[in-house]
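The next block is protein.cif, given as mmCIF, C-alpha atoms and all ligand atoms.
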data_protein
loop_
_atom_site.label_atom_id
_atom_site.label_comp_id
_atom_site.auth_asym_id
_atom_site.auth_seq_id
_atom_site.Cartn_x
_atom_site.Cartn_y
_atom_site.Cartn_z
CA MET O 248 -6.54 -13.48 -8.55
CA ILE O 249 -5.06 -11.44 -11.37
CA ASP O 250 -1.59 -10.21 -12.23
CA SER O 251 -2.51 -6.86 -13.76
CA HIS O 252 1.01 -6.03 -14.93
CA CYS O 253 3.76 -8.40 -16.05
CA HIS O 254 6.28 -8.63 -18.84
CA LEU O 255 5.81 -12.24 -19.98
CA ALA O 256 6.85 -11.26 -23.50
CA ASP O 257 10.31 -10.45 -22.14
CA GLU O 258 13.04 -12.73 -23.44
CA THR O 259 13.84 -13.98 -19.91
CA PHE O 260 10.62 -16.05 -20.23
CA ALA O 261 11.29 -17.35 -23.75
CA LYS O 262 12.66 -20.72 -22.68
CA ASP O 263 10.08 -21.82 -20.13
CA LEU O 264 7.01 -19.76 -20.95
CA ASP O 265 4.74 -22.82 -20.87
CA GLN O 266 5.90 -23.73 -17.35
CA VAL O 267 5.50 -20.16 -16.12
CA VAL O 268 1.93 -20.14 -17.43
CA ALA O 269 1.22 -23.55 -15.88
CA ARG O 270 2.45 -22.34 -12.48
CA ALA O 271 0.31 -19.21 -12.74
CA LYS O 272 -2.78 -21.28 -13.45
CA ASP O 273 -1.91 -23.68 -10.62
CA ALA O 274 -1.60 -20.72 -8.26
CA GLY O 275 -5.19 -19.79 -9.12
CA LEU O 276 -4.67 -16.86 -11.46
CA GLN O 277 -7.65 -16.07 -13.69
CA ARG O 278 -5.58 -14.08 -16.11
CA VAL O 279 -2.64 -11.76 -16.58
CA MET O 280 -2.22 -8.46 -18.32
CA VAL O 281 1.02 -8.46 -20.27
CA ILE O 282 2.75 -5.19 -21.08
CA LEU O 283 4.13 -4.92 -24.60
CA GLU O 284 6.64 -2.35 -25.74
CA GLY O 285 5.13 -0.57 -28.74
CA GLY O 286 6.91 -1.52 -31.95
CA ASN O 287 8.95 -4.36 -30.44
CA ALA O 288 8.59 -7.21 -32.95
CA LYS O 289 10.32 -9.79 -30.76
CA GLU O 290 7.91 -9.16 -27.90
CA ALA O 291 4.95 -9.26 -30.27
CA GLU O 292 6.08 -12.70 -31.46
CA GLN O 293 6.28 -14.04 -27.92
CA ALA O 294 2.89 -12.44 -27.17
CA ALA O 295 1.37 -14.51 -29.97
CA ARG O 296 2.84 -17.66 -28.42
CA LEU O 297 1.46 -16.65 -25.06
CA GLU O 298 -2.02 -16.15 -26.45
CA GLN O 299 -2.00 -19.71 -27.73
CA LEU O 300 -0.86 -21.04 -24.36
CA TRP O 301 -3.35 -18.92 -22.43
CA PRO O 302 -6.15 -17.34 -24.47
CA ASP O 303 -7.38 -15.34 -21.45
CA THR O 304 -4.23 -13.22 -21.53
CA ARG O 305 -4.80 -9.50 -22.08
CA PHE O 306 -2.32 -6.92 -23.32
CA ALA O 307 -1.39 -3.31 -22.80
CA ILE O 308 0.71 -1.64 -25.50
CA GLY O 309 2.70 1.53 -25.10
CA VAL O 310 5.99 3.38 -25.46
CA HIS O 311 7.69 3.47 -22.04
CA PRO O 312 9.54 6.66 -21.01
CA HIS O 313 12.81 4.69 -21.22
CA GLN O 314 12.14 4.09 -24.93
CA ALA O 315 10.76 7.56 -25.70
CA HIS O 316 14.17 8.73 -26.96
CA GLN O 317 13.74 6.50 -30.01
CA PHE O 318 11.09 8.99 -31.11
CA SER O 319 13.03 12.19 -30.34
CA ASP O 320 12.74 13.47 -33.90
CA ASP O 321 9.00 12.96 -34.06
CA PRO O 322 7.24 12.10 -30.77
CA GLN O 323 3.96 11.79 -32.63
CA SER O 324 5.34 8.77 -34.51
CA ALA O 325 5.34 6.86 -31.19
CA VAL O 326 1.59 7.36 -31.10
CA SER O 327 1.23 6.02 -34.64
CA VAL O 328 3.22 2.91 -33.76
CA VAL O 329 1.04 2.21 -30.72
CA ARG O 330 -2.16 2.99 -32.60
CA GLU O 331 -1.34 0.48 -35.33
CA GLN O 332 -0.23 -2.27 -32.98
CA PHE O 333 -3.25 -1.78 -30.75
CA ALA O 334 -5.59 -2.10 -33.71
CA ALA O 335 -3.84 -5.33 -34.76
CA THR O 336 -4.04 -6.92 -31.28
CA PRO O 337 -7.59 -8.03 -30.47
CA SER O 338 -6.73 -8.88 -26.83
CA ALA O 339 -5.25 -5.43 -26.15
CA ARG O 340 -7.21 -3.56 -23.50
CA ALA O 341 -5.04 -0.63 -22.43
CA ILE O 342 -2.37 1.84 -23.50
CA GLY O 343 0.72 1.33 -21.34
CA GLU O 344 2.96 1.37 -19.76
CA ILE O 345 3.44 5.07 -20.40
CA GLY O 346 4.54 7.98 -18.25
CA LEU O 347 7.59 9.81 -16.99
CA ASP O 348 10.78 8.57 -15.36
CA TYR O 349 13.06 11.31 -14.02
CA HIS O 350 15.00 8.85 -11.87
CA TYR O 351 16.79 7.22 -14.79
CA ASP O 352 16.22 9.98 -17.38
CA PHE O 353 16.97 7.54 -20.21
CA SER O 354 15.10 9.91 -22.54
CA PRO O 355 15.14 13.72 -22.60
CA ARG O 356 12.34 15.03 -20.41
CA ASP O 357 10.65 17.07 -23.13
CA VAL O 358 10.55 13.96 -25.33
CA GLN O 359 9.18 11.84 -22.47
CA GLN O 360 6.44 14.40 -21.93
CA ALA O 361 5.48 14.64 -25.60
CA VAL O 362 5.37 10.86 -26.04
CA PHE O 363 3.38 10.45 -22.82
CA ARG O 364 0.89 13.19 -23.69
CA GLY O 365 0.35 11.85 -27.19
CA GLN O 366 -0.46 8.39 -25.82
CA VAL O 367 -2.87 9.77 -23.20
CA ARG O 368 -4.71 11.47 -26.06
CA LEU O 369 -4.72 8.24 -28.04
CA ALA O 370 -6.21 6.33 -25.08
CA ARG O 371 -8.85 8.98 -24.69
CA GLU O 372 -9.73 8.79 -28.37
CA LEU O 373 -9.90 4.98 -28.24
CA GLN O 374 -11.80 5.06 -24.92
CA ARG O 375 -9.23 2.79 -23.30
CA PRO O 376 -7.56 2.99 -19.89
CA ILE O 377 -3.90 3.84 -19.41
CA VAL O 378 -1.21 2.13 -17.34
CA ILE O 379 1.05 4.76 -15.80
CA HIS O 380 4.72 4.46 -14.90
CA THR O 381 5.87 7.47 -12.89
CA ARG O 382 9.12 7.83 -11.02
CA GLU O 383 10.36 11.02 -9.36
CA ALA O 384 8.05 12.89 -11.71
CA ASP O 385 4.83 13.15 -9.70
CA GLU O 386 4.09 16.80 -10.47
CA ASP O 387 4.57 16.60 -14.22
CA THR O 388 2.72 13.29 -14.49
CA LEU O 389 -0.29 14.68 -12.65
CA ALA O 390 -0.17 17.94 -14.62
CA ILE O 391 -0.28 16.14 -17.96
CA LEU O 392 -3.10 13.86 -16.78
CA ARG O 393 -5.13 16.86 -15.61
CA GLU O 394 -4.41 18.86 -18.77
CA GLU O 395 -5.62 15.94 -20.87
CA GLY O 396 -8.87 15.69 -18.96
CA ALA O 397 -8.34 13.13 -16.19
CA GLY O 398 -10.77 13.52 -13.32
CA GLU O 399 -13.34 15.46 -15.31
CA ASP O 400 -15.69 12.94 -16.78
CA GLY O 401 -13.99 9.57 -16.73
CA GLN O 402 -12.63 10.09 -20.25
CA VAL O 403 -9.08 9.43 -19.04
CA ARG O 404 -9.05 6.40 -16.75
CA GLY O 405 -6.27 4.15 -15.59
CA VAL O 406 -3.91 2.86 -12.96
CA LEU O 407 -0.74 4.03 -11.24
CA HIS O 408 1.28 0.87 -11.67
CA CYS O 409 3.82 -0.54 -9.20
CA PHE O 410 2.89 2.19 -6.77
CA THR O 411 5.68 3.19 -4.38
CA GLY O 412 4.80 6.86 -4.04
CA SER O 413 3.75 9.17 -1.28
CA ASP O 414 0.43 9.63 0.45
CA ALA O 415 0.03 12.79 -1.62
CA LEU O 416 0.48 10.96 -4.93
CA ALA O 417 -1.95 8.22 -3.90
CA GLY O 418 -4.48 10.87 -2.89
CA ALA O 419 -4.06 12.79 -6.15
CA GLY O 420 -4.40 9.59 -8.17
CA LEU O 421 -7.55 8.59 -6.32
CA ASP O 422 -8.99 12.09 -6.81
CA LEU O 423 -8.51 11.67 -10.56
CA GLY O 424 -10.42 8.38 -10.40
CA PHE O 425 -7.35 6.21 -10.90
CA TYR O 426 -6.62 2.80 -9.44
CA ILE O 427 -3.49 2.04 -7.42
CA SER O 428 -1.62 -1.16 -8.28
CA LEU O 429 0.75 -2.81 -5.83
CA ALA O 430 3.64 -5.10 -6.64
CA GLY O 431 5.98 -7.23 -4.51
CA ILE O 432 7.66 -4.17 -2.99
CA ILE O 433 4.78 -4.07 -0.53
CA THR O 434 6.12 -7.29 1.04
CA PHE O 435 9.62 -5.88 1.63
CA PRO O 436 10.56 -5.35 5.30
CA ARG O 437 11.47 -1.69 4.74
CA ALA O 438 8.22 -0.79 2.97
CA GLY O 439 6.45 0.30 6.16
CA ASP O 440 5.56 3.75 4.82
CA LEU O 441 4.11 2.24 1.65
CA ARG O 442 2.01 -0.20 3.69
CA ALA O 443 0.71 2.70 5.78
CA THR O 444 -0.31 4.56 2.59
CA VAL O 445 -1.97 1.47 1.13
CA ARG O 446 -4.06 1.02 4.26
CA ARG O 447 -5.74 4.31 3.34
CA VAL O 448 -6.51 3.32 -0.27
CA PRO O 449 -10.10 2.06 -0.56
CA VAL O 450 -10.28 -1.64 -1.44
CA ASP O 451 -12.38 -0.88 -4.52
CA ARG O 452 -9.43 1.04 -6.03
CA LEU O 453 -6.68 -1.56 -5.50
CA LEU O 454 -5.08 -3.77 -8.14
CA THR O 455 -2.42 -6.45 -7.79
CA GLU O 456 0.58 -7.09 -10.01
CA THR O 457 4.03 -8.63 -10.11
CA ASP O 458 5.84 -6.44 -12.70
CA SER O 459 7.70 -9.69 -13.37
CA PRO O 460 10.44 -10.49 -14.24
CA PHE O 461 11.40 -7.64 -11.86
CA LEU O 462 10.78 -7.14 -8.14
CA ALA O 463 10.14 -10.63 -6.79
CA PRO O 464 8.29 -10.50 -3.46
CA VAL O 465 9.47 -12.01 -0.20
CA PRO O 466 10.42 -14.91 0.05
CA HIS O 467 11.52 -15.03 -3.60
CA ARG O 468 13.54 -11.81 -3.52
CA GLY O 469 16.50 -11.64 -5.88
CA LYS O 470 15.15 -14.35 -8.19
CA ARG O 471 13.27 -13.91 -11.43
CA ASN O 472 9.74 -12.89 -10.58
CA GLU O 473 6.70 -14.53 -12.21
CA PRO O 474 2.90 -14.14 -12.13
CA ALA O 475 2.31 -17.02 -9.67
CA TYR O 476 3.95 -14.90 -6.97
CA VAL O 477 1.17 -12.31 -7.10
CA ALA O 478 -0.39 -14.40 -4.33
CA ARG O 479 2.10 -12.83 -1.91
CA VAL O 480 0.89 -9.36 -2.86
CA VAL O 481 -2.74 -10.41 -2.39
CA ASP O 482 -1.91 -11.86 1.04
CA THR O 483 -0.20 -8.66 2.15
CA LEU O 484 -3.05 -6.44 0.95
CA ALA O 485 -5.57 -8.73 2.65
CA ASP O 486 -3.64 -8.42 5.89
CA LEU O 487 -3.46 -4.61 5.63
CA HIS O 488 -7.20 -4.30 5.02
CA GLY O 489 -8.32 -7.02 7.43
CA LEU O 490 -9.83 -9.23 4.76
CA ALA O 491 -9.42 -12.92 4.00
CA PRO O 492 -6.99 -13.45 1.09
CA ALA O 493 -9.75 -15.02 -1.01
CA ASP O 494 -11.91 -11.91 -0.51
CA MET O 495 -9.05 -9.60 -1.46
CA ALA O 496 -8.37 -11.75 -4.55
CA ALA O 497 -12.02 -11.57 -5.59
CA ARG O 498 -12.30 -7.83 -5.02
CA THR O 499 -9.09 -6.87 -6.81
CA SER O 500 -10.08 -9.14 -9.71
CA ALA O 501 -13.44 -7.38 -9.92
CA ASN O 502 -11.60 -4.03 -9.95
CA PHE O 503 -9.48 -5.27 -12.84
CA HIS O 504 -12.58 -6.18 -14.85
CA THR O 505 -14.21 -2.83 -14.08
CA LEU O 506 -11.19 -0.89 -15.31
CA PHE O 507 -10.09 -2.99 -18.28
CA ARG O 508 -13.48 -4.42 -19.33
CA PRO O 509 -12.48 -8.08 -19.61
NI NI E 601 6.33 -2.83 -15.96
#

In structure tokens, how does this file's structure come out?
Amino acid sequence: MIDSHCHLADETFAKDLDQVVARAKDAGLQRVMVILEGGNAKEAEQAARLEQLWPDTRFAIGVHPHQAHQFSDDPQSAVSVVREQFAATPSARAIGEIGLDYHYDFSPRDVQQAVFRGQVRLARELQRPIVIHTREADEDTLAILREEGAGEDGQVRGVLHCFTGSDALAGAGLDLGFYISLAGIITFPRAGDLRATVRRVPVDRLLTETDSPFLAPVPHRGKRNEPAYVARVVDTLADLHGLAPADMAARTSANFHTLFRP
């Protein structure tokens, strides 16, 4: 079982990081992929601590659309920051999370697009997968991915993280060769439409994540989320696809290794 997307370098985990890691291991997690905000020194420090506690940890590094505004004057400088940090982080495997967020619009849309596009190009150059955050921006996200070569020859690979989108978005993502990653939202009582969509996603394209500290699954809703709870996501996916939880855990872990090359 793998948590393919969590924010363990977030300060909410600073005090009890060792216990959070111990509980993840006890729950049977092989590893986690921790998302680091490009250029955030505090997170990088906690990431170093985490690597000592759990050497199997992997990292994705990227400038999130919420932070893109910091690079308004020169979107290309976001790419330089990520490039440097990626090169200095031997356990980094992906560029992310990156994308577009038109729900919050914390950054001007043209800046979000430029920062996103630049990082897709960087990933392509480095031959690394991308971790996509997209919210109320399906069309533009897909357009940029296609313009940068996704779906052509496997040069732009990745995952739509914390997927809550439509059937159409799932289909478009699958057509581009992307994986679909599910978080605790899939356990929520009102997520019936999402569960129906996920039933149609082939098992060999599914990933599991917590997006902790956010979005704790049932029955932990409203509390701080943590990687150990990814078991609830695995159980729900197993149920939807008629597999035993252990089988779903093994298959989604194999998908993780295929995409991120352990
Ligand atoms: Ni995230």

Find the residues with any atom within 9 Å of (6.8, -6.2, -3.5); use all atoms listed in the file and the coordinates as given in the file, and write the answer as a list in words.
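Output of the proximity query reads Cys409, Leu429, Ala430, Gly431, Ile432, Ile433, Thr434, Phe435, Ala438, Thr457, Leu462, Ala463, Pro464, Val465, Arg468, Arg479 and Val480 of chain O.
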
From O:Leu490, O:Ala390, O:Val281, O:Ala370, residue lying nearest ligand NI 601 (chain E) [only C-alpha atoms and all ligand atoms]:
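Using only C-alpha atoms and all ligand atoms, the shortest distance to ligand NI 601 (chain E) belongs to O:Val281.
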
Neighbours of ligand NI 601 (chain E) at 10 Å or closer, counting all atoms listed in the file: which residues, as a PDB file with C-alpha atoms, in the frame of the given file?
ATOM      1  CA  SER O 251      -2.510  -6.860 -13.760  1.00  0.00           C
ATOM      2  CA  HIS O 252       1.010  -6.030 -14.930  1.00  0.00           C
ATOM      3  CA  CYS O 253       3.760  -8.400 -16.050  1.00  0.00           C
ATOM      4  CA  HIS O 254       6.280  -8.630 -18.840  1.00  0.00           C
ATOM      5  CA  VAL O 281       1.020  -8.460 -20.270  1.00  0.00           C
ATOM      6  CA  ILE O 282       2.750  -5.190 -21.080  1.00  0.00           C
ATOM      7  CA  LEU O 283       4.130  -4.920 -24.600  1.00  0.00           C
ATOM      8  CA  GLU O 284       6.640  -2.350 -25.740  1.00  0.00           C
ATOM      9  CA  HIS O 311       7.690   3.470 -22.040  1.00  0.00           C
ATOM     10  CA  GLY O 343       0.720   1.330 -21.340  1.00  0.00           C
ATOM     11  CA  GLU O 344       2.960   1.370 -19.760  1.00  0.00           C
ATOM     12  CA  ILE O 345       3.440   5.070 -20.400  1.00  0.00           C
ATOM     13  CA  VAL O 378      -1.210   2.130 -17.340  1.00  0.00           C
ATOM     14  CA  ILE O 379       1.050   4.760 -15.800  1.00  0.00           C
ATOM     15  CA  HIS O 380       4.720   4.460 -14.900  1.00  0.00           C
ATOM     16  CA  HIS O 408       1.280   0.870 -11.670  1.00  0.00           C
ATOM     17  CA  CYS O 409       3.820  -0.540  -9.200  1.00  0.00           C
ATOM     18  CA  ALA O 430       3.640  -5.100  -6.640  1.00  0.00           C
ATOM     19  CA  GLU O 456       0.580  -7.090 -10.010  1.00  0.00           C
ATOM     20  CA  THR O 457       4.030  -8.630 -10.110  1.00  0.00           C
ATOM     21  CA  ASP O 458       5.840  -6.440 -12.700  1.00  0.00           C
ATOM     22  CA  SER O 459       7.700  -9.690 -13.370  1.00  0.00           C
ATOM     23  CA  PRO O 460      10.440 -10.490 -14.240  1.00  0.00           C
ATOM     24  CA  PHE O 461      11.400  -7.640 -11.860  1.00  0.00           C
ATOM     25  CA  LEU O 462      10.780  -7.140  -8.140  1.00  0.00           C
TER      26      LEU O 462
END

For Leu373 of chain O, work out the shell of residues within 10 Å, counting only C-alpha atoms and skipping chain neighbours fewer than 6 positions away, then give it as a VMD selection string.
chain O and resid 330 333 to 334 341 to 342 367 402

Using only C-alpha atoms, collect all residues at a distance of at most 10 Å from (-3.0, 1.3, 0.5) as written in the file, then present them as a PyMOL selection string.
chain O and resi 410+414+417+427-429+433+440-450+452-453+484+487-488

Kindly indicate which residue among O:Pro312, O:Ser327, O:Asp357, O:Arg404 lies nearest to Thr381 of chain O, using all atoms listed in the file for the distances.
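Counting all atoms listed in the file, the residue closest to Thr381 of chain O is O:Pro312.
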
For a test of reading the model, state the distance in Å between atom CA of Glu473 of chain O and atom CA of Gln277 of chain O, rounded to one decimal.
14.5 Å

Counting only C-alpha atoms, figure out which residue out of O:Ala256, O:His313, O:Thr304, O:Thr388 gets nearest to Ala271 of chain O.
O:Thr304

For a quick check of understanding, using all atoms listed in the file, which of O:Gly412, O:Gly439, O:Gly365, O:Gly405 has the smallest distance to Phe425 of chain O?
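Under the stated criterion, the closest residue is O:Gly405.
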
One decimal place gives the atom CA of Ser338 of chain O-atom CA of Arg305 of chain O separation as 5.2 Å

Can you pull out every residue within 12 Å of Gly401 of chain O, counting all atoms listed in the file, but drop anything in the same chain fewer than 6 positions away, and send it as a ChimeraX atom specification?
/O:370-371,374-377,392-393,395,422-425,506

For the residues in the current selection, export C-alpha atoms as a PDB file, keeping the file's coordinate frame.
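The result, written out as result05.pdb:
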ATOM      1  CA  ALA O 370      -6.210   6.330 -25.080  1.00  0.00           C
ATOM      2  CA  ARG O 371      -8.850   8.980 -24.690  1.00  0.00           C
ATOM      3  CA  GLN O 374     -11.800   5.060 -24.920  1.00  0.00           C
ATOM      4  CA  ARG O 375      -9.230   2.790 -23.300  1.00  0.00           C
ATOM      5  CA  PRO O 376      -7.560   2.990 -19.890  1.00  0.00           C
ATOM      6  CA  ILE O 377      -3.900   3.840 -19.410  1.00  0.00           C
ATOM      7  CA  LEU O 392      -3.100  13.860 -16.780  1.00  0.00           C
ATOM      8  CA  ARG O 393      -5.130  16.860 -15.610  1.00  0.00           C
ATOM      9  CA  GLU O 395      -5.620  15.940 -20.870  1.00  0.00           C
ATOM     10  CA  ASP O 422      -8.990  12.090  -6.810  1.00  0.00           C
ATOM     11  CA  LEU O 423      -8.510  11.670 -10.560  1.00  0.00           C
ATOM     12  CA  GLY O 424     -10.420   8.380 -10.400  1.00  0.00           C
ATOM     13  CA  PHE O 425      -7.350   6.210 -10.900  1.00  0.00           C
ATOM     14  CA  LEU O 506     -11.190  -0.890 -15.310  1.00  0.00           C
TER      15      LEU O 506
END

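Shortest separation to Gly346 of chain O among O:Phe306, O:Val406, O:Gln317, O:Arg498 occurs at residue O:Val406, atoms counted being only C-alpha atoms.
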
Between atom CA of Asp482 of chain O and atom CA of Met495 of chain O - distance in Å to one decimal:
7.9 Å

Who sits within 6 Å of segment 500-504 of chain O, only C-alpha atoms, same chain under 5 positions skipped, as a count of residues only:
3

Which residue of O:Ala475, O:Val358, O:Ala493, O:Val268 approaches Leu300 of chain O most closely, using all atoms listed in the file
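Looking at the shortest contact to Leu300 of chain O, the residue is O:Val268.
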